[in-house]
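> The structure follows.
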Amino acid sequence: MLALSTCWNSSRHTEGEELVQEIIEMGFDWIEVSHGLKISLLPGILKMAEAGKIKVCGLHNFCPSPVEVMIDAPDAYEFTSHRAFDRSRALDLTFKTIEMATRFGAGYVVVHMGSVPVAKFTRKLEDLAKAGAIHDREFVRLKLDMIRKRERIAPLYLKRAREALEQLGEQAEKHGVKIAVESRSAYEDVPNEREMELIMEEFAGPHIGYWHDFGHVQRKANLAVLDHGDWLGRMAKYLIGCHVHDVEWPARDHRVPLTAGGVDFPNLMEFVPKGAPLVWELSPRRRKETVLAQLPKWLELYGAWG
């Protein structure tokens, strides 16, 4: 199925029905209800879904957004936090998202697991790559330093992520939805690739799996942290679905697919199982005209991936 995330237009609407109607008129039959959504929009979106006007494939945590957070902040509370309150709040909000997914008849909830508290190396590496210094000694030194420092303290934060997944898996099974653990763009995030494989080996099953974000993974590939095709091929057996967007070198993601040329969709799509949800997750700054121009091209190449 092909869907559009509400992150693209939710900030421009005050009524959920209008948000959905705009997406329908663009040619999408499915949506993913994203994080950062104002709670006032939910009744209208539910109304449209219950009336059969739109189908909801999944939700992105946290949805609804926490009332005490005034901006779109999916990482406001992390399962890996050193603050017990934050870990508990992250779980409670995710439980509510799971319950909301059942109201929509949605199949999955995309989750961020957290991060390791180290210096933000990834942004520095991206700045060096943009400056053409990806083969310089400074880039290599910084990347190795990032890996060493993260690896030294990561086990505690991976342990907290695993503890959270145990509880999330129970709730997902209870409500008949899937927890989709998303690939992230920063090496400081949890899980990294090695940790994701460990998590999937332990938890993957009917109610927990992997969510591939093309843009996030491409940003890591641009820093020579991984090979995009090799990674997706290894994770395909765990795959629930994908966030689809393009990347302008090296790190400007959430571009309309097939516009920036940063993601090698022709070679990568062969690893995605037919029927997996493909969700265009676009920056709200992307112009509607660009989306409408690229949608027929995508459908010609890949159809709705049904």
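Ligands are numbered from 1 in the order shown, residues from 1 within each chain, and chains are lettered A, B, ... in the order they appear in the structure tokens.
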Just asking: which residues within region 203-283 of chain A are alpha helix (DSSP H) according to DSSP, as a list in words?
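Output for region 203-283 of chain A, alpha helix (DSSP H) only: Phe203, Phe214, Gly215, His216, Val217, Gln218, Arg219, Lys220, Ala221, Asn222, His228, Gly229, Asp230, Trp231, Leu232, Gly233, Arg234, Met235, Phe265, Pro266, Asn267 and Leu268 of chain A.
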> Can you tell me which residues surround Trp8 (chain A) at a distance of at most 6 Å, considering only C-alpha atoms, apart from same-chain residues fewer than 4 positions away, and format the answer as a list in words?
Leu282, Ser283 and Pro284 of chain A
> Fewer than 5 positions away in the same chain doesn't count, so skip those; otherwise give me all residues within 9 Å of Arg255 (chain A), counting only C-alpha atoms, as a list in words.
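Non-adjacent residues within range: Gly215, His245, Asp246, Val247, Glu248, Ala260, Glu281, Leu282, Ser283 and Arg286 of chain A.
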> Which residues are close to region 197-205 of chain A, i.e. within 12 Å by only C-alpha atoms, leaving aside same-chain residues fewer than 3 positions away? Reply as number ranges by chain.
A: 113, 155, 158-170, 172-173, 177-183, 190-194, 208-211, 231-232, 234-240
> Mind checking which residues fall within 10 Å of Val225 (chain A), counting only C-alpha atoms, ignoring those fewer than 3 positions away in the same chain, and posting them as a list in words?
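Using only C-alpha atoms, the neighbours found are Lys143, Ile147, Tyr187, Glu193, Val217, Gln218, Arg219, Lys220, Ala221, Asn222 and His228 of chain A.
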